[in-house]
file my_file07.cif (mmCIF, C-alpha atoms)
data_input
loop_
_atom_site.label_atom_id
_atom_site.label_comp_id
_atom_site.auth_asym_id
_atom_site.auth_seq_id
_atom_site.Cartn_x
_atom_site.Cartn_y
_atom_site.Cartn_z
CA MET A 625 -87.53 89.10 -2.59
CA ARG A 626 -88.28 86.96 -5.64
CA ASN A 627 -84.57 86.66 -6.41
CA PHE A 628 -83.94 85.55 -2.83
CA ASN A 629 -86.64 82.89 -3.06
CA ASN A 630 -85.23 81.64 -6.37
CA LEU A 631 -81.70 81.43 -4.96
CA LEU A 632 -83.04 79.77 -1.80
CA LYS A 633 -84.81 77.09 -3.84
CA PHE A 634 -81.73 76.59 -6.01
CA THR A 635 -79.52 76.25 -2.92
CA TRP A 636 -81.94 73.83 -1.25
CA LYS A 637 -81.97 71.57 -4.31
CA ARG A 638 -78.16 71.51 -4.32
CA PHE A 639 -77.56 70.96 -0.60
CA SER A 640 -80.81 69.57 0.85
CA ILE A 641 -79.44 66.06 1.50
CA TRP A 642 -76.30 67.37 3.17
CA ILE A 643 -78.23 69.91 5.24
CA LEU A 644 -80.65 67.24 6.46
CA LEU A 645 -77.79 64.89 7.34
CA VAL A 646 -75.91 67.64 9.20
CA THR A 647 -79.09 68.65 11.05
CA VAL A 648 -79.78 65.08 12.18
CA PHE A 649 -76.13 64.51 13.16
CA CYS A 650 -75.87 67.83 14.99
CA THR A 651 -79.14 67.26 16.86
CA MET A 652 -78.13 63.75 17.93
CA ALA A 653 -74.66 64.93 19.00
CA VAL A 654 -76.04 67.90 20.94
CA GLY A 655 -78.65 65.71 22.62
CA ILE A 656 -76.15 63.07 23.72
CA LEU A 657 -73.53 65.61 24.84
CA ALA A 658 -76.11 67.70 26.71
CA GLN A 659 -77.46 64.69 28.58
CA ASN A 660 -73.91 63.64 29.52
CA ASP A 661 -72.95 67.16 30.61
CA ILE A 662 -76.06 67.56 32.74
CA ARG A 663 -75.56 64.17 34.37
CA ASN A 664 -71.85 64.84 34.99
CA ASP A 665 -72.59 68.27 36.49
CA TYR A 666 -75.17 66.76 38.81
CA ASP A 667 -72.89 63.86 39.82
CA ARG A 668 -70.03 66.23 40.69
CA PHE A 669 -72.35 68.45 42.70
CA ASN A 670 -73.93 65.48 44.45
CA ASP A 671 -70.51 63.98 45.33
CA ASN A 672 -69.20 67.27 46.70
CA VAL A 673 -72.32 67.83 48.83
CA SER A 674 -72.13 64.24 50.12
CA ASN A 675 -68.45 64.65 51.08
CA MET A 676 -69.20 67.93 52.79
CA ARG A 677 -72.05 66.44 54.84
CA GLU A 678 -70.04 63.33 55.76
CA ASN A 679 -67.33 65.60 57.10
CA LEU A 680 -69.84 67.63 59.14
CA ASP A 681 -71.85 64.84 60.77
CA GLY A 682 -69.61 61.78 60.33
CA LYS A 683 -72.30 59.77 58.53
CA LYS A 684 -72.30 58.20 55.09
CA HIS A 685 -74.51 59.97 52.53
CA ASN A 686 -75.11 57.74 49.53
CA GLU A 687 -78.54 59.03 48.53
CA ASP A 688 -78.96 61.26 45.48
CA ILE A 689 -79.94 64.85 46.17
CA GLU A 690 -83.30 65.94 44.82
CA ILE A 691 -82.91 69.41 43.33
CA ASN A 692 -85.57 71.75 44.69
CA GLU A 693 -85.69 75.01 46.66
CA GLU A 694 -85.86 73.27 50.03
CA SER A 695 -82.83 71.02 49.38
CA LEU A 696 -80.79 73.95 48.05
CA ASP A 697 -81.51 75.99 51.18
CA LYS A 698 -80.24 73.11 53.32
CA ILE A 699 -77.10 72.80 51.19
CA LYS A 700 -76.38 76.52 51.64
CA ILE A 701 -76.68 76.16 55.42
CA ASP A 702 -74.35 73.14 55.43
CA ALA A 703 -71.87 75.03 53.25
CA LEU A 704 -71.76 77.90 55.75
CA LYS A 705 -71.11 75.42 58.58
CA TYR A 706 -68.38 73.76 56.52
CA LYS A 707 -66.80 77.13 55.77
CA GLU A 708 -66.84 78.09 59.45
CA LYS A 709 -65.36 74.75 60.55
CA TYR A 710 -62.20 75.13 58.42
CA LYS A 711 -62.21 78.95 58.07
CA LEU A 712 -62.38 78.56 54.29
CA LEU A 713 -61.79 81.30 51.75
CA GLU A 714 -63.41 81.92 48.37
CA ASP A 715 -61.38 81.08 45.24
CA ASP A 716 -61.01 84.80 44.38
CA ASP A 717 -59.42 85.44 47.77
CA VAL A 718 -56.88 82.66 47.20
CA TYR A 719 -56.13 82.75 43.47
CA GLY A 720 -57.11 86.34 42.64
CA LEU A 721 -54.72 88.84 41.08
CA GLY A 722 -52.49 90.48 43.63
CA VAL A 723 -52.74 87.63 46.15
CA ASP A 724 -49.29 86.89 47.57
CA GLY A 725 -48.04 83.34 47.00
CA LYS A 726 -46.99 83.25 50.65
CA VAL A 727 -50.62 83.80 51.69
CA GLN A 728 -51.68 80.83 49.55
CA ASP A 729 -48.99 78.59 51.04
CA GLU A 730 -49.93 79.52 54.61
CA TYR A 731 -53.63 78.99 53.90
CA PHE A 732 -53.21 75.46 52.45
CA GLU A 733 -50.63 74.56 55.07
CA ARG A 734 -53.17 75.43 57.78
CA LEU A 735 -55.87 73.35 56.04
CA ASN A 736 -53.48 70.42 55.68
CA LYS A 737 -52.67 70.46 59.39
CA ASN A 738 -56.38 70.42 60.24
CA GLY A 739 -56.98 67.48 57.91
CA GLY A 740 -59.06 69.60 55.57
CA PHE A 741 -56.82 70.17 52.56
CA GLU A 742 -59.58 69.11 50.13
CA SER A 743 -62.21 71.15 51.99
CA HIS A 744 -61.33 74.31 50.04
CA TYR A 745 -62.05 72.65 46.68
CA ILE A 746 -65.19 70.86 47.91
CA TYR A 747 -66.63 74.07 49.37
CA ASN A 748 -65.86 76.22 46.34
CA ASN A 749 -67.17 73.60 43.91
CA VAL A 750 -70.45 73.53 45.83
CA MET A 751 -70.71 77.33 45.99
CA ASN A 752 -69.83 77.78 42.31
CA PHE A 753 -72.57 75.37 41.30
CA LEU A 754 -75.09 77.04 43.63
CA LYS A 755 -74.51 80.25 41.65
CA LYS A 756 -76.38 78.57 38.80
CA PHE A 757 -79.54 78.86 40.89
CA GLU A 758 -80.66 82.49 40.79
CA ASP A 759 -83.65 83.21 43.05
CA GLY A 760 -84.40 79.50 43.18
CA LYS A 761 -84.29 79.10 39.37
CA PHE A 762 -81.76 77.00 37.48
CA ASP A 763 -79.64 78.88 34.94
CA GLY A 764 -78.94 76.55 32.02
CA VAL A 765 -77.09 79.19 30.01
CA ASP A 766 -73.88 77.12 29.82
CA TYR A 767 -75.62 74.41 27.80
CA TYR A 768 -76.92 76.97 25.28
CA GLN A 769 -73.48 78.53 25.02
CA ALA A 770 -72.19 75.10 23.98
CA LEU A 771 -74.45 75.30 20.89
CA VAL A 772 -72.47 78.22 19.47
CA PHE A 773 -69.34 76.40 18.29
CA PRO A 774 -70.90 73.57 16.22
CA ILE A 775 -73.42 75.87 14.54
CA VAL A 776 -70.77 78.51 13.72
CA ILE A 777 -68.69 75.71 12.16
CA PHE A 778 -71.73 74.67 10.08
CA ILE A 779 -72.32 78.26 8.95
CA GLY A 780 -68.65 78.62 8.02
CA LEU A 781 -68.58 75.41 5.96
CA PHE A 782 -71.95 76.15 4.36
CA ALA A 783 -70.84 79.67 3.37
CA LEU A 784 -67.63 78.17 1.98
CA SER A 785 -69.73 75.83 -0.20
CA LEU A 786 -71.90 78.73 -1.39
CA THR A 787 -69.00 80.99 -2.32
CA SER A 788 -65.32 80.02 -2.68
CA LEU A 789 -65.88 76.33 -3.35
CA GLU A 790 -68.52 77.23 -5.93
CA GLN A 791 -65.92 79.32 -7.79
CA SER A 792 -63.86 76.18 -8.38
CA LEU A 793 -66.81 74.22 -9.80
CA ALA A 794 -68.31 74.21 -13.28
CA ILE A 795 -71.59 75.49 -11.84
CA TYR A 796 -69.92 78.89 -11.23
CA ASP A 797 -70.20 79.79 -14.91
CA PHE A 798 -73.92 79.09 -14.68
CA THR A 799 -74.44 81.16 -11.51
CA ARG A 800 -72.68 84.11 -13.18
CA LEU A 801 -75.63 84.28 -15.56
CA MET A 802 -78.14 84.81 -12.75
CA PRO A 803 -80.07 88.12 -13.06
CA TRP A 804 -78.66 89.91 -10.00
CA LYS A 805 -75.75 92.10 -9.04
CA LYS A 806 -72.78 91.06 -6.91
CA LYS A 807 -74.08 93.14 -3.99
CA ASP A 808 -77.47 91.41 -4.16
CA GLU A 809 -75.83 88.00 -4.43
CA LEU A 810 -73.68 88.67 -1.37
CA LEU A 811 -76.65 89.86 0.68
CA MET A 812 -78.79 86.91 -0.40
CA LYS A 813 -76.12 84.34 0.37
CA ILE A 814 -75.54 85.90 3.79
CA GLY A 815 -79.28 85.60 4.38
CA ILE A 816 -79.33 81.95 3.26
CA ALA A 817 -76.34 80.99 5.46
CA PHE A 818 -77.97 82.74 8.42
CA LEU A 819 -81.36 81.17 7.72
CA PHE A 820 -80.09 77.59 7.60
CA GLY A 821 -77.92 78.22 10.65
CA MET A 822 -80.97 79.51 12.54
CA VAL A 823 -83.07 76.50 11.54
CA ILE A 824 -80.46 74.13 12.99
CA PHE A 825 -80.15 76.33 16.08
CA ALA A 826 -83.93 76.38 16.59
CA ILE A 827 -84.19 72.59 16.33
CA ASN A 828 -81.30 72.04 18.72
CA SER A 829 -82.61 74.67 21.15
CA LEU A 830 -85.96 72.87 21.37
CA VAL A 831 -84.24 69.51 21.89
CA LEU A 832 -82.01 71.01 24.58
CA ALA A 833 -85.02 72.65 26.29
CA PHE A 834 -86.77 69.27 26.42
CA ILE A 835 -83.65 67.60 27.84
CA LEU A 836 -83.29 70.27 30.53
CA LYS A 837 -86.95 70.10 31.47
CA THR A 838 -86.82 66.32 31.91
CA SER A 839 -83.49 66.37 33.76
CA VAL A 840 -82.78 66.45 37.52
CA PHE A 841 -82.86 70.25 37.27
CA GLY A 842 -86.21 70.27 35.49
CA LYS A 843 -88.27 71.61 38.42
CA LEU A 844 -86.16 74.75 38.66
CA VAL A 845 -85.25 75.42 35.00
CA SER A 846 -85.88 79.03 34.01
CA PHE A 847 -86.15 79.75 30.30
CA SER A 848 -86.35 83.49 30.96
CA LEU A 849 -82.69 83.38 32.07
CA ILE A 850 -81.79 81.35 28.97
CA GLY A 851 -83.56 83.85 26.69
CA LYS A 852 -80.73 86.39 26.98
CA GLN A 853 -78.18 83.82 25.83
CA ILE A 854 -80.39 82.80 22.90
CA PHE A 855 -80.42 86.45 21.80
CA ARG A 856 -76.62 86.62 22.10
CA ASN A 857 -76.31 83.37 20.12
CA ILE A 858 -78.46 84.79 17.31
CA LEU A 859 -76.19 87.85 17.06
CA ILE A 860 -73.13 85.58 16.89
CA PHE A 861 -74.71 83.51 14.10
CA LEU A 862 -75.56 86.68 12.19
CA GLY A 863 -71.97 87.91 12.47
CA ALA A 864 -70.61 84.49 11.51
CA SER A 865 -72.86 84.43 8.41
CA ILE A 866 -71.69 87.89 7.33
CA ILE A 867 -68.00 87.16 7.86
CA SER A 868 -68.05 83.65 6.33
CA THR A 869 -69.93 84.67 3.20
CA SER A 870 -68.03 87.95 2.72
CA LEU A 871 -64.66 86.19 2.99
CA GLY A 872 -65.90 83.75 0.35
CA PHE A 873 -66.34 86.67 -2.05
CA ILE A 874 -62.78 87.83 -1.31
CA GLY A 875 -61.28 84.33 -1.58
CA GLY A 876 -61.06 82.69 -4.97
CA ASN A 877 -61.06 79.05 -3.83
CA PHE A 878 -61.69 77.10 -0.64
CA LEU A 879 -57.99 77.08 0.38
CA GLY A 880 -57.85 80.85 0.23
CA HIS A 881 -61.15 81.04 2.09
CA ILE A 882 -59.79 78.89 4.94
CA GLY A 883 -56.66 81.04 5.07
CA LEU A 884 -58.81 84.17 5.33
CA TYR A 885 -60.77 82.54 8.16
CA ILE A 886 -57.54 82.08 10.11
CA MET A 887 -56.33 85.62 9.44
CA THR A 888 -59.68 87.15 10.38
CA LEU A 889 -60.08 85.12 13.56
CA ALA A 890 -56.53 85.73 14.78
CA GLY A 891 -56.39 89.36 13.70
CA PHE A 892 -53.66 91.34 15.45
CA GLU A 893 -52.57 88.25 17.42
CA LEU A 894 -51.27 86.70 14.19
CA TYR A 895 -49.06 89.74 13.57
CA ARG A 896 -47.92 89.78 17.21
CA ILE A 897 -46.91 86.12 17.10
CA ASN A 898 -45.12 86.56 13.78
CA LEU A 899 -43.27 89.63 15.05
CA ASN A 900 -42.20 87.81 18.20
CA MET A 901 -41.01 84.70 16.34
CA THR A 902 -39.15 86.76 13.72
CA LEU A 903 -37.36 88.85 16.36
CA ASN A 904 -36.58 85.66 18.29
CA ALA A 905 -34.48 84.44 15.38
CA PHE A 906 -32.24 87.51 15.64
CA SER A 907 -32.39 88.59 19.29
CA PHE A 908 -34.17 86.78 22.11
CA ASP A 909 -33.82 89.75 24.48
CA LEU A 910 -35.29 92.21 21.98
CA ALA A 911 -38.16 89.82 21.20
CA GLU A 912 -38.90 89.51 24.92
CA LYS A 913 -38.94 93.30 25.44
CA VAL A 914 -41.24 93.90 22.47
CA GLU A 915 -43.55 91.05 23.54
CA ASP A 916 -43.80 92.44 27.09
CA ALA A 917 -44.58 95.91 25.73
CA ILE A 918 -47.33 94.60 23.45
CA ARG A 919 -48.81 92.42 26.20
CA SER A 920 -48.78 95.38 28.58
CA PHE A 921 -50.56 97.52 25.97
CA GLU A 922 -53.17 94.83 25.27
CA GLY A 923 -53.80 94.37 29.00
CA LYS A 924 -54.97 97.99 29.26
CA LEU A 925 -57.53 97.67 26.46
CA ASN A 926 -61.22 97.19 27.21
CA PRO A 927 -62.99 94.01 25.96
CA PHE A 928 -64.62 95.82 23.01
CA ILE A 929 -61.31 97.09 21.57
CA LYS A 930 -59.53 93.79 22.28
CA THR A 931 -62.21 91.92 20.31
CA LEU A 932 -61.91 94.40 17.45
CA ILE A 933 -58.20 93.67 17.06
CA SER A 934 -58.62 89.90 17.51
CA LEU A 935 -61.83 87.87 17.44
CA THR A 936 -60.18 85.31 19.73
CA TYR A 937 -61.12 87.62 22.60
CA MET A 938 -64.86 87.42 21.90
CA LYS A 939 -66.87 85.84 24.71
CA VAL A 940 -70.22 84.24 23.94
CA ASP A 941 -71.67 85.51 27.24
CA ASN A 942 -70.49 89.12 26.82
CA LEU A 943 -72.69 91.38 24.69
CA VAL A 944 -69.98 94.06 24.41
CA THR A 945 -67.53 91.67 22.73
CA ILE A 946 -70.31 90.30 20.50
CA LEU A 947 -71.07 93.85 19.29
CA ALA A 948 -67.38 94.26 18.45
CA PHE A 949 -67.59 90.96 16.53
CA LEU A 950 -70.55 92.36 14.56
CA LEU A 951 -68.63 95.56 13.80
CA VAL A 952 -65.77 93.47 12.36
CA ALA A 953 -68.37 91.58 10.31
CA VAL A 954 -69.73 94.84 8.85
CA ILE A 955 -66.21 96.03 7.96
CA ILE A 956 -65.44 92.75 6.17
CA PHE A 957 -68.83 92.95 4.40
CA TYR A 958 -68.03 96.38 2.94
CA LEU A 959 -64.53 95.23 2.04
CA ALA A 960 -66.02 92.28 0.16
CA LEU A 961 -68.40 94.60 -1.69
CA LEU A 962 -65.56 96.93 -2.64
CA LEU A 963 -63.26 94.16 -3.86
CA SER A 964 -65.85 92.05 -5.67
CA LYS A 965 -67.39 94.98 -7.54
CA ASN A 966 -64.69 95.04 -10.21
CA GLN A 967 -63.44 91.48 -9.73
CA SER A 968 -63.10 89.53 -12.95
CA SER A 969 -64.46 85.99 -13.25
CA GLU A 970 -61.02 85.08 -14.61
CA ARG A 971 -59.70 85.30 -11.03
CA SER A 972 -62.09 82.59 -9.85
CA GLY A 973 -60.28 79.49 -8.68
CA TYR A 974 -57.17 81.34 -7.48
CA MET A 975 -56.40 81.57 -3.75
CA ILE A 976 -57.53 85.21 -3.51
CA GLY A 977 -59.76 86.95 -6.01
CA ASN A 978 -58.12 90.37 -5.75
CA LYS A 979 -54.44 90.60 -6.78
CA ARG A 980 -53.45 93.27 -4.23
CA VAL A 981 -55.08 91.44 -1.34
CA GLY A 982 -53.50 88.25 -2.66
CA ILE A 983 -50.00 89.77 -2.40
CA PHE A 984 -50.56 90.76 1.24
CA CYS A 985 -51.99 87.33 2.10
CA LYS A 986 -49.08 85.59 0.35
CA LEU A 987 -46.55 87.59 2.36
CA MET A 988 -48.32 86.85 5.65
CA ALA A 989 -48.66 83.15 4.83
CA SER A 990 -44.97 82.95 3.85
CA LEU A 991 -43.81 84.66 7.04
CA THR A 992 -46.05 82.49 9.24
CA LEU A 993 -44.88 79.24 7.66
CA ALA A 994 -41.23 80.38 7.81
CA ASN A 995 -41.58 81.17 11.52
CA LEU A 996 -43.17 77.78 12.20
CA MET A 997 -40.40 75.97 10.31
CA THR A 998 -37.71 77.99 12.13
CA SER A 999 -39.32 77.35 15.52
CA MET A 1000 -39.39 73.59 14.95
CA LEU A 1001 -35.86 73.37 13.57
CA ALA A 1002 -34.39 75.78 16.13
CA SER A 1003 -35.73 73.71 19.01
CA VAL A 1004 -32.81 71.30 18.53
CA PHE A 1005 -30.30 74.06 19.35
CA ILE A 1006 -29.47 74.95 22.96
CA GLN A 1007 -28.65 78.61 22.29
CA LYS A 1008 -31.46 81.17 22.37
CA THR A 1009 -30.14 82.82 19.23
CA SER A 1010 -27.29 81.94 16.93
CA LEU A 1011 -26.06 82.47 13.41
CA VAL A 1012 -27.38 79.00 12.53
CA ILE A 1013 -30.93 79.97 13.55
CA ILE A 1014 -30.74 83.19 11.51
CA ILE A 1015 -29.65 81.18 8.47
CA ILE A 1016 -32.48 78.68 9.09
CA PHE A 1017 -35.00 81.55 9.22
CA ILE A 1018 -33.76 83.11 5.97
CA ILE A 1019 -33.81 79.76 4.14
CA SER A 1020 -37.26 78.94 5.57
CA LEU A 1021 -38.58 82.31 4.44
CA LEU A 1022 -37.28 81.81 0.89
CA LEU A 1023 -38.74 78.31 0.71
CA SER A 1024 -42.07 79.45 2.16
CA PHE A 1025 -42.33 82.35 -0.25
CA ARG A 1026 -41.56 80.08 -3.18
CA PHE A 1027 -44.16 77.55 -2.01
CA PHE A 1028 -46.93 80.13 -1.66
CA ASP A 1029 -45.87 81.89 -4.86
CA ILE A 1030 -46.64 78.63 -6.68
CA LEU A 1031 -49.81 77.98 -4.67
CA PHE A 1032 -51.22 81.48 -5.24
CA ASN A 1033 -50.73 81.10 -9.00
CA VAL A 1034 -52.50 77.75 -9.22
CA ARG A 1035 -56.09 77.96 -10.39
CA LEU A 1036 -58.19 75.26 -8.75
CA LYS A 1037 -60.98 74.14 -11.09
CA PHE A 1038 -62.85 70.88 -10.70
#
call {"tool": "encode", "arguments": {"input": "my_file07.cif", "output": "structure tokens"}}
result
Amino acid sequence: MRNFNNLLKFTWKRFSIWILLVTVFCTMAVGILAQNDIRNDYDRFNDNVSNMRENLDGKKHNEDIEINEESLDKIKIDALKYKEKYKLLEDDDVYGLGVDGKVQDEYFERLNKNGGFESHYIYNNVMNFLKKFEDGKFDGVDYYQALVFPIVIFIGLFALSLTSLEQSLAIYDFTRLMPWKKKDELLMKIGIAFLFGMVIFAINSLVLAFILKTSVFGKLVSFSLIGKQIFRNILIFLGASIISTSLGFIGGNFLGHIGLYIMTLAGFELYRINLNMTLNAFSFDLAEKVEDAIRSFEGKLNPFIKTLISLTYMKVDNLVTILAFLLVAVIIFYLALLLSKNQSSERSGYMIGNKRVGIFCKLMASLTLANLMTSMLASVFIQKTSLVIIIIFIISLLLSFRFFDILFNVRLKF
């Protein structure tokens, strides 16, 4: 614990000004965006309700709706009348999987004849917003979900500064003299990244709670409903701290760290895209068949497994996918421990600290860049595949490999 406190103090002295500036900026940005989002949500709801009522009784409704239990009950009654008047359907019954396109055309054609083409969208917008009010309480979860992205970005950049960027600075030689093992250093830096992330989250959560309470929804805001999302957010921040810091121990400089971020986030999807683009250069039909087979396979997977193979499938409101995210974080943590245990300080400053991992990353980076170059250059040709495109791919691959071969052998030291 004493080592953690010492490293915490040392980190605070190094980054205190930047952390304070980021906290102030993040809090101001969240406050302004939250106020705008709340106002925009209310304005859209108010406009839709006004249009619905004007259609029902033929009178202009310019007054703002006061959000309370009594007004919501009246809106629900009006919505049922509106639905009955035009025989409206729910969005799932119109746009759901398996719904025949002919059914959709007939439905909107009927509405158009009755002069109620927009009625479907007005009704469903009203009903979708009413779902935010559970048992007469306003569910402000969406606004707390919006906090995840900026704070995860902060954690990622902060962990980058604590790890891979530090390896390129002169201070790295000093930190190597600290009286703790690599395992302890990794755990402590994960804790520090998580701690500072949680402080910013706590401040922004309180600001957001105040904004919600003083907003037009303030009378019905329920913080018990929001509590579940706060718990999910905390788990996401923990996973982000573990992944960001662990990747910093695998990467040797900030460029390698950023590359590892991309590879970890994309996961299997990066390999799928590369496979598809590579096959496209040689045979469009084969690429299409393989892509359809992979997509069909992925479609049968449950959310937990899909998140394990690619973090892009994680949903901030789904605990199952968040647990998969945490499992990936634990795997990367143990990989970082394994690789950094025997890692020489001489590898600091290179793209990847471990040579074997560096070879794999170099190959993936070369293939990805080659596919991007081929895709851009091939877009000028009309044919789906041709000898010219194959030649372009081979040349692009050689150039990409040469580029990354140079980049992976450059030691960044500032």
call {"tool": "resolve_selection", "arguments": {"input": "my_file07.cif", "expression": "the PyMOL selection byres ((chain A and resi 896-908) around 8)", "output": "number ranges by chain"}}
result
A: 892-895, 909-912, 914-915, 918, 991-992, 995, 998-999, 1008-1010, 1013-1014, 1017
call {"tool": "residues_near_point", "arguments": {"input": "my_file07.cif", "point": "(-71.0, 74.0, 43.6)", "cutoff": "12 Å", "atoms": "all atoms listed in the file", "output": "number ranges by chain"}}
result
A: 665-674, 676, 696, 699-700, 703, 714, 744-757
call {"tool": "atom_distance", "arguments": {"input": "my_file07.cif", "atom1": "atom CA of A:Gln853", "atom2": "atom CA of A:Gln769"}}
result
7.1 Å
call {"tool": "residues_around", "arguments": {"input": "my_file07.cif", "residues": "A:Leu950", "least_positions_apart": "5", "cutoff": "9 Å", "atoms": "all atoms listed in the file", "output": "list in words"}}
result
Leu859, Ile860, Leu862, Gly863, Ala864, Ile866, Ile867, Thr945 and Ile955 of chain A
call {"tool": "atom_distance", "arguments": {"input": "my_file07.cif", "atom1": "atom CA of A:Leu987", "atom2": "atom CA of A:Phe1025"}}
result
7.2 Å
call {"tool": "closest_residue", "arguments": {"input": "my_file07.cif", "among": "A:Val727, A:Val823, A:Leu680, A:Leu951", "to": "A:Lys707", "atoms": "all atoms listed in the file"}}
result
A:Leu680
call {"tool": "resolve_selection", "arguments": {"input": "my_file07.cif", "expression": "the PyMOL selection byres ((chain A and resi 819) around 12)", "output": "mmCIF file with C-alpha atoms, in the frame of the given file"}}
result
data_model
loop_
_atom_site.group_PDB
_atom_site.id
_atom_site.type_symbol
_atom_site.label_atom_id
_atom_site.label_comp_id
_atom_site.auth_asym_id
_atom_site.auth_seq_id
_atom_site.Cartn_x
_atom_site.Cartn_y
_atom_site.Cartn_z
ATOM 1 C CA PHE A 628 -83.940 85.550 -2.830
ATOM 2 C CA LEU A 632 -83.040 79.770 -1.800
ATOM 3 C CA THR A 635 -79.520 76.250 -2.920
ATOM 4 C CA TRP A 636 -81.940 73.830 -1.250
ATOM 5 C CA ILE A 643 -78.230 69.910 5.240
ATOM 6 C CA ILE A 775 -73.420 75.870 14.540
ATOM 7 C CA PHE A 778 -71.730 74.670 10.080
ATOM 8 C CA ILE A 779 -72.320 78.260 8.950
ATOM 9 C CA PHE A 782 -71.950 76.150 4.360
ATOM 10 C CA ALA A 783 -70.840 79.670 3.370
ATOM 11 C CA MET A 812 -78.790 86.910 -0.400
ATOM 12 C CA LYS A 813 -76.120 84.340 0.370
ATOM 13 C CA ILE A 814 -75.540 85.900 3.790
ATOM 14 C CA GLY A 815 -79.280 85.600 4.380
ATOM 15 C CA ILE A 816 -79.330 81.950 3.260
ATOM 16 C CA ALA A 817 -76.340 80.990 5.460
ATOM 17 C CA PHE A 818 -77.970 82.740 8.420
ATOM 18 C CA PHE A 820 -80.090 77.590 7.600
ATOM 19 C CA GLY A 821 -77.920 78.220 10.650
ATOM 20 C CA MET A 822 -80.970 79.510 12.540
ATOM 21 C CA VAL A 823 -83.070 76.500 11.540
ATOM 22 C CA ILE A 824 -80.460 74.130 12.990
ATOM 23 C CA PHE A 825 -80.150 76.330 16.080
ATOM 24 C CA ALA A 826 -83.930 76.380 16.590
ATOM 25 C CA ILE A 858 -78.460 84.790 17.310
ATOM 26 C CA PHE A 861 -74.710 83.510 14.100
ATOM 27 C CA LEU A 862 -75.560 86.680 12.190
ATOM 28 C CA ALA A 864 -70.610 84.490 11.510
ATOM 29 C CA SER A 865 -72.860 84.430 8.410
ATOM 30 C CA ILE A 866 -71.690 87.890 7.330
#
call {"tool": "residues_around", "arguments": {"input": "my_file07.cif", "residues": "stretch 922-932 of chain A", "least_positions_apart": "6", "cutoff": "10 Å", "atoms": "only C-alpha atoms", "output": "compact mmCIF listing (two decimals) with C-alpha atoms, keeping the file's coordinate frame"}}
result
# COMPACT_ATOMS: atom_id res chain seq x y z
CA LEU A 889 -60.08 85.12 13.56
CA GLY A 891 -56.39 89.36 13.70
CA PHE A 892 -53.66 91.34 15.45
CA ASP A 916 -43.80 92.44 27.09
CA MET A 938 -64.86 87.42 21.90
CA LYS A 939 -66.87 85.84 24.71
CA ASN A 942 -70.49 89.12 26.82
CA LEU A 943 -72.69 91.38 24.69
CA VAL A 944 -69.98 94.06 24.41
CA THR A 945 -67.53 91.67 22.73
CA ILE A 946 -70.31 90.30 20.50
CA LEU A 947 -71.07 93.85 19.29
CA ALA A 948 -67.38 94.26 18.45
CA PHE A 949 -67.59 90.96 16.53
CA LEU A 950 -70.55 92.36 14.56
CA LEU A 951 -68.63 95.56 13.80
CA VAL A 952 -65.77 93.47 12.36
call {"tool": "atom_distance", "arguments": {"input": "my_file07.cif", "atom1": "atom CA of A:Gly760", "atom2": "atom CA of A:Ile662"}}
result
17.9 Å
call {"tool": "axis_aligned_box", "arguments": {"input": "my_file07.cif", "around": "stretch 864-883 of chain A", "padding_each_side": "6 Å", "output": "lines of an AutoDock Vina configuration file"}}
result
center_x = -64.8
center_y = 82.5
center_z = 3.3
size_x = 28.2
size_y = 22.9
size_z = 28.5
call {"tool": "residues_around", "arguments": {"input": "my_file07.cif", "residues": "A:Lys806", "least_positions_apart": "3", "cutoff": "7 Å", "atoms": "all atoms listed in the file", "output": "list of chain:residue names"}}
result
A:Glu809, A:Leu810, A:Lys965
